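For reference, run31.cif (mmCIF, C-alpha atoms):
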```
data_coords
loop_
_atom_site.group_PDB
_atom_site.id
_atom_site.type_symbol
_atom_site.label_atom_id
_atom_site.label_comp_id
_atom_site.auth_asym_id
_atom_site.auth_seq_id
_atom_site.Cartn_x
_atom_site.Cartn_y
_atom_site.Cartn_z
ATOM 1 C CA MET A 1 0.000 0.000 0.000
ATOM 2 C CA ILE A 2 1.341 3.418 -0.957
ATOM 3 C CA PRO A 3 1.789 5.697 2.091
ATOM 4 C CA PRO A 4 0.593 9.318 2.007
ATOM 5 C CA ALA A 5 2.978 11.349 -0.113
ATOM 6 C CA LEU A 6 5.083 14.103 1.384
ATOM 7 C CA LEU A 7 4.279 17.162 -0.704
ATOM 8 C CA LEU A 8 6.530 20.177 -0.169
ATOM 9 C CA VAL A 9 4.926 23.433 -1.265
ATOM 10 C CA GLY A 10 7.029 26.514 -1.939
ATOM 11 C CA HIS A 11 5.997 29.986 -2.975
ATOM 12 C CA GLY A 12 8.495 30.344 -5.806
ATOM 13 C CA THR A 13 11.236 32.775 -6.731
ATOM 14 C CA ARG A 14 12.558 34.436 -9.851
ATOM 15 C CA ASP A 15 16.049 33.466 -8.698
ATOM 16 C CA GLU A 16 17.077 30.245 -10.438
ATOM 17 C CA ALA A 17 19.636 29.335 -7.769
ATOM 18 C CA GLY A 18 16.985 29.606 -5.075
ATOM 19 C CA ALA A 19 14.506 27.514 -7.066
ATOM 20 C CA GLU A 20 17.141 24.849 -7.695
ATOM 21 C CA ALA A 21 18.007 24.787 -3.970
ATOM 22 C CA PHE A 22 14.361 23.919 -3.254
ATOM 23 C CA ARG A 23 14.271 21.257 -5.974
ATOM 24 C CA ALA A 24 17.543 19.724 -4.729
ATOM 25 C CA PHE A 25 16.155 19.615 -1.198
ATOM 26 C CA VAL A 26 13.075 17.749 -2.437
ATOM 27 C CA ARG A 27 15.307 15.254 -4.246
ATOM 28 C CA GLN A 28 17.427 14.844 -1.107
ATOM 29 C CA LEU A 29 14.391 14.031 1.022
ATOM 30 C CA GLY A 30 13.242 11.466 -1.518
ATOM 31 C CA GLU A 31 16.647 9.780 -1.570
ATOM 32 C CA HIS A 32 16.821 9.650 2.230
ATOM 33 C CA ASN A 33 13.311 8.233 2.617
ATOM 34 C CA PRO A 34 13.032 5.253 0.257
ATOM 35 C CA GLY A 35 9.528 3.925 -0.019
ATOM 36 C CA LEU A 36 7.959 7.289 0.717
ATOM 37 C CA PRO A 37 6.563 9.212 -2.254
ATOM 38 C CA VAL A 38 8.095 12.694 -2.093
ATOM 39 C CA GLY A 39 7.351 15.610 -4.385
ATOM 40 C CA GLY A 40 7.497 19.355 -4.359
ATOM 41 C CA GLY A 41 6.318 22.297 -6.381
ATOM 42 C CA PHE A 42 5.721 26.030 -6.367
ATOM 43 C CA ILE A 43 2.496 28.008 -6.410
ATOM 44 C CA GLU A 44 4.058 30.612 -8.715
ATOM 45 C CA LEU A 45 7.219 31.993 -10.362
ATOM 46 C CA SER A 46 9.318 28.807 -10.514
ATOM 47 C CA PRO A 47 9.134 25.355 -12.075
ATOM 48 C CA PRO A 48 7.819 22.860 -11.329
ATOM 49 C CA PRO A 49 4.296 24.149 -10.689
ATOM 50 C CA LEU A 50 2.588 22.413 -7.801
ATOM 51 C CA ALA A 51 0.068 21.000 -10.296
ATOM 52 C CA ASP A 52 2.829 19.149 -12.154
ATOM 53 C CA SER A 53 4.252 17.648 -8.993
ATOM 54 C CA VAL A 54 0.837 16.435 -7.842
ATOM 55 C CA ALA A 55 0.062 14.998 -11.281
ATOM 56 C CA GLU A 56 3.329 13.063 -11.275
ATOM 57 C CA LEU A 57 2.602 11.546 -7.876
ATOM 58 C CA VAL A 58 -0.981 10.710 -8.839
ATOM 59 C CA GLY A 59 0.461 8.951 -11.876
ATOM 60 C CA GLN A 60 2.503 6.809 -9.471
ATOM 61 C CA GLY A 61 -0.673 5.740 -7.693
ATOM 62 C CA VAL A 62 -0.657 8.250 -4.829
ATOM 63 C CA ARG A 63 -4.114 9.174 -3.549
ATOM 64 C CA SER A 64 -3.307 10.734 -0.170
ATOM 65 C CA PHE A 65 -1.066 13.760 0.361
ATOM 66 C CA ALA A 66 0.423 15.382 3.448
ATOM 67 C CA ALA A 67 1.434 18.886 2.392
ATOM 68 C CA VAL A 68 4.145 20.760 4.272
ATOM 69 C CA PRO A 69 4.401 24.495 3.491
ATOM 70 C CA MET A 70 8.036 25.443 2.977
ATOM 71 C CA VAL A 71 7.630 28.756 4.749
ATOM 72 C CA LEU A 72 9.033 29.982 8.048
ATOM 73 C CA VAL A 73 6.023 31.943 9.294
ATOM 74 C CA SER A 74 2.286 31.735 8.829
ATOM 75 C CA ALA A 75 1.407 34.702 6.624
ATOM 76 C CA GLY A 76 -0.781 35.054 3.535
ATOM 77 C CA HIS A 77 0.811 32.249 1.522
ATOM 78 C CA ALA A 78 0.463 29.701 4.314
ATOM 79 C CA LYS A 79 -2.972 30.869 5.445
ATOM 80 C CA GLY A 80 -4.643 31.323 2.071
ATOM 81 C CA ASP A 81 -2.708 30.714 -1.123
ATOM 82 C CA ILE A 82 -1.351 27.244 -0.411
ATOM 83 C CA PRO A 83 -4.651 25.842 0.966
ATOM 84 C CA ALA A 84 -6.394 27.212 -2.114
ATOM 85 C CA ALA A 85 -3.824 25.547 -4.376
ATOM 86 C CA LEU A 86 -4.382 22.228 -2.610
ATOM 87 C CA ALA A 87 -8.140 22.601 -3.022
ATOM 88 C CA ARG A 88 -7.645 23.061 -6.759
ATOM 89 C CA GLU A 89 -5.587 19.876 -6.930
ATOM 90 C CA GLU A 90 -8.324 17.980 -5.128
ATOM 91 C CA GLN A 91 -10.773 19.154 -7.800
ATOM 92 C CA ARG A 92 -8.395 18.186 -10.619
ATOM 93 C CA HIS A 93 -7.819 14.707 -9.236
ATOM 94 C CA PRO A 94 -11.074 13.267 -7.829
ATOM 95 C CA GLY A 95 -10.446 10.667 -5.168
ATOM 96 C CA THR A 96 -7.336 12.345 -3.778
ATOM 97 C CA THR A 97 -7.194 13.764 -0.250
ATOM 98 C CA TYR A 98 -4.931 16.375 1.311
ATOM 99 C CA THR A 99 -3.908 17.176 4.864
ATOM 100 C CA TYR A 100 -2.068 20.398 5.477
ATOM 101 C CA GLY A 101 0.795 20.946 7.901
ATOM 102 C CA ARG A 102 2.011 24.024 9.698
ATOM 103 C CA PRO A 103 4.904 26.345 8.847
ATOM 104 C CA LEU A 104 8.422 25.371 9.837
ATOM 105 C CA GLY A 105 9.386 27.992 12.376
ATOM 106 C CA PRO A 106 10.246 28.739 15.018
ATOM 107 C CA HIS A 107 11.843 25.432 15.954
ATOM 108 C CA PRO A 108 14.941 24.421 17.953
ATOM 109 C CA GLY A 109 16.423 22.800 14.867
ATOM 110 C CA LEU A 110 16.237 26.074 12.967
ATOM 111 C CA LEU A 111 17.834 27.921 15.896
ATOM 112 C CA THR A 112 20.683 25.414 15.771
ATOM 113 C CA ILE A 113 21.232 26.198 12.094
ATOM 114 C CA LEU A 114 21.081 29.953 12.708
ATOM 115 C CA GLU A 115 23.705 29.628 15.429
ATOM 116 C CA ARG A 116 25.868 27.611 13.024
ATOM 117 C CA ARG A 117 25.593 30.388 10.428
ATOM 118 C CA LEU A 118 26.744 32.899 13.040
ATOM 119 C CA ASP A 119 29.639 30.669 14.074
ATOM 120 C CA GLU A 120 30.763 30.501 10.450
ATOM 121 C CA VAL A 121 31.323 34.261 10.300
ATOM 122 C CA LEU A 122 32.407 34.868 13.907
ATOM 123 C CA GLY A 123 34.942 32.106 14.412
ATOM 124 C CA ASP A 124 36.560 32.585 17.829
ATOM 125 C CA ASP A 125 35.486 36.213 18.234
ATOM 126 C CA ASP A 126 33.754 37.170 21.460
ATOM 127 C CA ARG A 127 29.966 36.839 21.236
ATOM 128 C CA SER A 128 29.495 39.436 23.971
ATOM 129 C CA ASP A 129 30.863 42.065 21.564
ATOM 130 C CA THR A 130 28.513 41.004 18.761
ATOM 131 C CA THR A 131 25.010 42.237 17.973
ATOM 132 C CA VAL A 132 22.981 40.130 15.547
ATOM 133 C CA LEU A 133 20.457 41.663 13.142
ATOM 134 C CA LEU A 134 17.955 38.956 12.218
ATOM 135 C CA VAL A 135 16.276 39.932 8.935
ATOM 136 C CA GLY A 136 12.958 38.403 7.951
ATOM 137 C CA ARG A 137 10.966 38.682 4.766
ATOM 138 C CA GLY A 138 8.300 41.002 6.159
ATOM 139 C CA SER A 139 4.538 40.772 5.815
ATOM 140 C CA THR A 140 1.345 42.788 6.033
ATOM 141 C CA ASP A 141 0.274 40.250 8.678
ATOM 142 C CA PRO A 142 1.360 41.490 12.143
ATOM 143 C CA ASP A 143 1.236 37.973 13.576
ATOM 144 C CA ALA A 144 3.793 36.813 11.006
ATOM 145 C CA ASN A 145 6.071 39.758 11.768
ATOM 146 C CA ALA A 146 5.794 39.071 15.485
ATOM 147 C CA GLU A 147 7.082 35.545 14.869
ATOM 148 C CA ILE A 148 10.402 37.003 13.672
ATOM 149 C CA TYR A 149 10.766 38.878 16.940
ATOM 150 C CA LYS A 150 10.109 35.624 18.788
ATOM 151 C CA VAL A 151 12.876 33.912 16.822
ATOM 152 C CA ALA A 152 15.237 36.782 17.635
ATOM 153 C CA ARG A 153 14.540 36.460 21.346
ATOM 154 C CA LEU A 154 14.949 32.686 21.288
ATOM 155 C CA LEU A 155 18.249 33.103 19.449
ATOM 156 C CA TRP A 156 19.480 35.603 22.023
ATOM 157 C CA GLU A 157 18.596 33.480 25.055
ATOM 158 C CA GLY A 158 21.628 31.804 26.585
ATOM 159 C CA ARG A 159 23.983 32.306 23.658
ATOM 160 C CA GLY A 160 25.936 35.267 24.957
ATOM 161 C CA TYR A 161 25.396 37.802 22.177
ATOM 162 C CA ALA A 162 25.261 41.480 23.098
ATOM 163 C CA GLY A 163 21.814 41.516 21.551
ATOM 164 C CA VAL A 164 19.662 40.222 18.714
ATOM 165 C CA GLU A 165 17.685 42.903 16.884
ATOM 166 C CA THR A 166 15.095 42.463 14.127
ATOM 167 C CA ALA A 167 14.493 43.980 10.685
ATOM 168 C CA PHE A 168 12.576 43.180 7.498
ATOM 169 C CA VAL A 169 13.502 43.403 3.859
ATOM 170 C CA SER A 170 9.984 44.163 2.570
ATOM 171 C CA LEU A 171 6.453 45.164 3.587
ATOM 172 C CA ALA A 172 7.245 45.882 7.248
ATOM 173 C CA ALA A 173 9.352 48.176 9.403
ATOM 174 C CA PRO A 174 12.085 48.484 10.446
ATOM 175 C CA ASP A 175 13.906 47.956 7.168
ATOM 176 C CA VAL A 176 17.496 46.752 6.995
ATOM 177 C CA PRO A 177 19.199 50.195 7.156
ATOM 178 C CA SER A 178 16.959 51.196 10.073
ATOM 179 C CA GLY A 179 17.765 47.961 11.865
ATOM 180 C CA LEU A 180 21.473 48.567 11.416
ATOM 181 C CA ASP A 181 21.037 52.139 12.657
ATOM 182 C CA ARG A 182 19.376 50.810 15.786
ATOM 183 C CA CYS A 183 22.197 48.341 16.435
ATOM 184 C CA ARG A 184 24.729 51.152 16.081
ATOM 185 C CA LYS A 185 22.814 53.471 18.404
ATOM 186 C CA LEU A 186 22.716 50.690 20.973
ATOM 187 C CA GLY A 187 26.509 50.648 20.911
ATOM 188 C CA ALA A 188 27.263 47.740 18.608
ATOM 189 C CA GLY A 189 30.831 47.697 17.371
ATOM 190 C CA ARG A 190 30.314 44.497 15.431
ATOM 191 C CA ILE A 191 27.064 43.529 13.710
ATOM 192 C CA VAL A 192 26.274 40.236 12.008
ATOM 193 C CA VAL A 193 23.411 40.418 9.518
ATOM 194 C CA LEU A 194 21.588 37.084 9.659
ATOM 195 C CA PRO A 195 18.965 36.458 6.923
ATOM 196 C CA TYR A 196 16.012 34.382 8.108
ATOM 197 C CA PHE A 197 15.344 32.636 4.800
ATOM 198 C CA LEU A 198 15.326 28.972 3.855
ATOM 199 C CA PHE A 199 17.227 29.288 0.587
ATOM 200 C CA THR A 200 18.983 31.857 -1.550
ATOM 201 C CA GLY A 201 16.907 34.211 -3.674
ATOM 202 C CA ILE A 202 16.145 37.767 -4.649
ATOM 203 C CA LEU A 203 15.175 38.917 -1.163
ATOM 204 C CA PRO A 204 18.251 37.472 0.615
ATOM 205 C CA ASP A 205 20.369 39.108 -2.095
ATOM 206 C CA ARG A 206 18.607 42.387 -1.361
ATOM 207 C CA VAL A 207 19.418 42.013 2.326
ATOM 208 C CA ARG A 208 23.077 41.521 1.488
ATOM 209 C CA ASP A 209 23.175 44.499 -0.866
ATOM 210 C CA GLN A 210 21.455 46.843 1.586
ATOM 211 C CA ALA A 211 23.722 45.767 4.418
ATOM 212 C CA ALA A 212 26.824 46.262 2.265
ATOM 213 C CA GLU A 213 25.658 49.730 1.250
ATOM 214 C CA TRP A 214 25.042 50.685 4.882
ATOM 215 C CA ALA A 215 28.440 49.322 5.939
ATOM 216 C CA ALA A 216 30.196 51.362 3.260
ATOM 217 C CA ALA A 217 28.635 54.512 4.722
ATOM 218 C CA HIS A 218 29.438 53.581 8.352
ATOM 219 C CA THR A 219 33.040 52.434 8.319
ATOM 220 C CA ASP A 220 33.338 52.815 12.095
ATOM 221 C CA THR A 221 31.043 49.808 12.558
ATOM 222 C CA GLU A 222 32.090 46.315 11.526
ATOM 223 C CA VAL A 223 29.403 44.496 9.561
ATOM 224 C CA ARG A 224 29.587 40.823 8.704
ATOM 225 C CA GLN A 225 27.019 38.842 6.753
ATOM 226 C CA ALA A 226 25.857 35.293 7.433
ATOM 227 C CA ALA A 227 24.343 32.819 5.001
ATOM 228 C CA VAL A 228 20.732 31.650 4.712
ATOM 229 C CA ILE A 229 19.491 28.527 6.501
ATOM 230 C CA GLY A 230 20.062 26.148 3.589
ATOM 231 C CA PRO A 231 19.514 22.381 3.208
ATOM 232 C CA GLU A 232 20.937 21.352 6.563
ATOM 233 C CA PRO A 233 20.164 17.983 8.226
ATOM 234 C CA GLU A 234 18.106 19.758 10.902
ATOM 235 C CA LEU A 235 15.859 21.234 8.205
ATOM 236 C CA ALA A 236 15.288 17.808 6.676
ATOM 237 C CA ASP A 237 14.473 16.386 10.113
ATOM 238 C CA LEU A 238 12.039 19.239 10.754
ATOM 239 C CA VAL A 239 10.185 18.677 7.481
ATOM 240 C CA MET A 240 9.803 15.000 8.329
ATOM 241 C CA GLU A 241 8.560 15.980 11.791
ATOM 242 C CA ARG A 242 5.942 18.245 10.208
ATOM 243 C CA TYR A 243 4.971 15.385 7.857
ATOM 244 C CA ARG A 244 4.430 12.954 10.729
ATOM 245 C CA GLU A 245 2.420 15.388 12.845
ATOM 246 C CA THR A 246 0.285 16.245 9.827
ATOM 247 C CA LEU A 247 -0.639 12.579 9.428
ATOM 248 C CA LYS A 248 -1.520 12.342 13.124
ATOM 249 C CA GLY A 249 -3.558 15.528 13.066
ATOM 250 C CA ASP A 250 -1.287 17.010 15.748
ATOM 251 C CA LEU A 251 -1.275 20.572 14.428
ATOM 252 C CA ARG A 252 -0.689 22.838 17.400
ATOM 253 C CA MET A 253 -0.972 26.132 15.570
ATOM 254 C CA ASN A 254 -0.967 29.178 17.824
ATOM 255 C CA CYS A 255 -3.937 31.344 16.870
ATOM 256 C CA ASP A 256 -3.917 33.651 19.897
ATOM 257 C CA SER A 257 -2.730 36.682 17.914
ATOM 258 C CA CYS A 258 -4.138 35.945 14.468
ATOM 259 C CA VAL A 259 -5.776 38.972 12.820
ATOM 260 C CA TYR A 260 -8.551 36.740 11.513
ATOM 261 C CA ARG A 261 -9.552 35.823 15.070
ATOM 262 C CA VAL A 262 -8.445 38.682 17.316
ATOM 263 C CA LYS A 263 -9.013 42.440 17.001
ATOM 264 C CA LEU A 264 -5.565 43.964 16.703
ATOM 265 C CA PRO A 265 -5.172 47.767 16.410
ATOM 266 C CA GLY A 266 -5.379 48.763 12.763
ATOM 267 C CA PHE A 267 -6.555 45.334 11.646
ATOM 268 C CA GLU A 268 -9.998 45.155 13.233
ATOM 269 C CA ASP A 269 -11.716 44.715 9.864
ATOM 270 C CA ARG A 270 -9.952 41.397 9.222
ATOM 271 C CA VAL A 271 -11.666 39.474 12.028
ATOM 272 C CA GLY A 272 -13.756 36.675 10.517
ATOM 273 C CA MET A 273 -12.748 37.477 6.947
ATOM 274 C CA PRO A 274 -12.470 34.554 4.520
ATOM 275 C CA GLN A 275 -9.127 34.042 2.850
ATOM 276 C CA GLN A 276 -8.842 35.591 -0.613
ATOM 277 C CA PRO A 277 -6.001 33.757 -2.379
ATOM 278 C CA HIS A 278 -4.429 35.932 -5.017
ATOM 279 C CA HIS A 279 -4.190 35.094 -8.695
ATOM 280 C CA HIS A 280 -1.400 32.671 -9.637
ATOM 281 C CA PRO A 281 -0.719 33.017 -13.372
ATOM 282 C CA ASP A 282 1.454 29.881 -13.466
ATOM 283 C CA ASP A 283 -1.413 27.653 -12.380
ATOM 284 C CA PRO A 284 -2.964 25.931 -15.393
ATOM 285 C CA SER A 285 -6.525 25.941 -14.044
ATOM 286 C CA GLY A 286 -8.983 28.191 -15.760
ATOM 287 C CA ASP A 287 -10.697 29.631 -12.707
ATOM 288 C CA HIS A 288 -7.594 30.056 -10.508
ATOM 289 C CA GLY A 289 -9.698 29.301 -7.498
ATOM 290 C CA HIS A 290 -11.682 32.534 -7.640
ATOM 291 C CA GLY A 291 -14.910 32.327 -5.755
ATOM 292 C CA HIS A 292 -13.614 29.640 -3.391
ATOM 293 C CA HIS A 293 -13.157 30.969 0.112
ATOM 294 C CA HIS A 294 -10.996 28.648 2.157
ATOM 295 C CA GLY A 295 -11.213 29.398 5.851
ATOM 296 C CA HIS A 296 -8.086 30.241 7.770
ATOM 297 C CA HIS A 297 -6.547 27.340 9.718
ATOM 298 C CA ALA A 298 -8.350 24.672 7.689
ATOM 299 C CA HIS A 299 -5.920 21.765 7.846
ATOM 300 C CA SER A 300 -7.588 19.370 5.454
ATOM 301 C CA HIS A 301 -9.403 19.736 2.176
#
```
Target encoding structure tokens, full file:
Amino acid sequence: MIPPALLLVGHGTRDEAGAEAFRAFVRQLGEHNPGLPVGGGFIELSPPPLADSVAELVGQGVRSFAAVPMVLVSAGHAKGDIPAALAREEQRHPGTTYTYGRPLGPHPGLLTILERRLDEVLGDDDRSDTTVLLVGRGSTDPDANAEIYKVARLLWEGRGYAGVETAFVSLAAPDVPSGLDRCRKLGAGRIVVLPYFLFTGILPDRVRDQAAEWAAAHTDTEVRQAAVIGPEPELADLVMERYRETLKGDLRMNCDSCVYRVKLPGFEDRVGMPQQPHHHPDDPSGDHGHGHHHGHHAHSH
């Protein structure tokens, strides 16, 4: 009997190196888990489209899917776009079923990788003289942005850094230059810019470029740059953990500060709103899911 397939779902990127990093990670998981159907696709921008990956697995006899969103925080893609994409696949392939997992972070395994990235650029230098600037993607969802601050605090706890500050590369404040300004005003002599991204891509490149530009204008402050998370063993273990909990229905999503459930200042009108997945031009379906409102936190379709 064929077990439920592990289906990794990414957003997509216009950066070919980043897209290939995702595809290589999917291949790696398949090689390390013989007997388990493993596939992965994007909802836009990059090949393969999610629809192609699902069709390939269905052609192998798969009828049950456990989808793991390859995102670090639960923002619009995880809450609306990916569930809508899975619903479209269920319509395309009658008789298939889908359970939906939770985002990857924050998780101790990811913190271990982040610390490794810092070690790579710090070597034997004193952590107490180092301030880390953790840079997330940024979102219009305040709950998602708050998750980055949580990661920063967890990274700071017990590791001996002078501090761990937070910034975003898009859609939210503070931006990267403002975050670096804050570190400097707090007395940082050495700053390590740490991108909170799974793989390389346009946005991590933008973080690097903005940090380099700021450093060139502030030569009295040492700025070092760490790498993205990447396909580390801890990431593979985490994805498999999310797969197993998805099958068990053990999805302990924290909804206490979700704008679709709680009135947050400036976002009161979002309470109770249905998700409105945006148009994905790379999806081959004709209706693109318009008119289908998939409720937030629905874990199966």
Separation of CA of Pro37 (chain A) from CA of Asp15 (chain A), in Å and rounded to one decimal: 26.8 Å
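Comparing A:Phe267, A:Pro4, A:Leu186, A:Val135 by their smallest distance to Gln210 (chain A), the closest is A:Val135 (using only C-alpha atoms).
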Residue members of the PyMOL selection byres ((chain A and resi 224-236) around 7) in the file shown, as number ranges by chain: A: 25, 29, 109-110, 113-114, 117-118, 121, 191-200, 222-223, 237-240
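This file, filtered with the PyMOL selection byres ((chain A and resi 56-65) around 9), gives the residues Ile2, Pro3, Pro4, Ala5, Leu6, Leu7, Pro37, Val38, Gly39, Ala51, Asp52, Ser53, Val54, Ala55, Ala66, Ala67, His93, Gly95, Thr96, Thr97, Tyr98, Thr99 and Tyr100 of chain A.
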Hits of the PyMOL selection byres ((chain A and resi 23) around 10) in this structure, as a ChimeraX atom specification: /A:8,10,17-22,24-28,39-42,47-48
A:Thr130, A:Leu203, A:Leu104, A:Pro94 ranked by distance to Pro69 (chain A), top pick (using all atoms listed in the file): A:Leu104
Which residue of A:Gly136, A:Gly101, A:Asp143, A:Leu36 approaches Ser74 (chain A) most closely, using only C-alpha atoms: A:Asp143
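Using all atoms listed in the file for every distance, the candidate list A:Arg92, A:Lys79, A:Lys185, A:Arg242 yields A:Lys79 as the residue closest to Asp141 (chain A).
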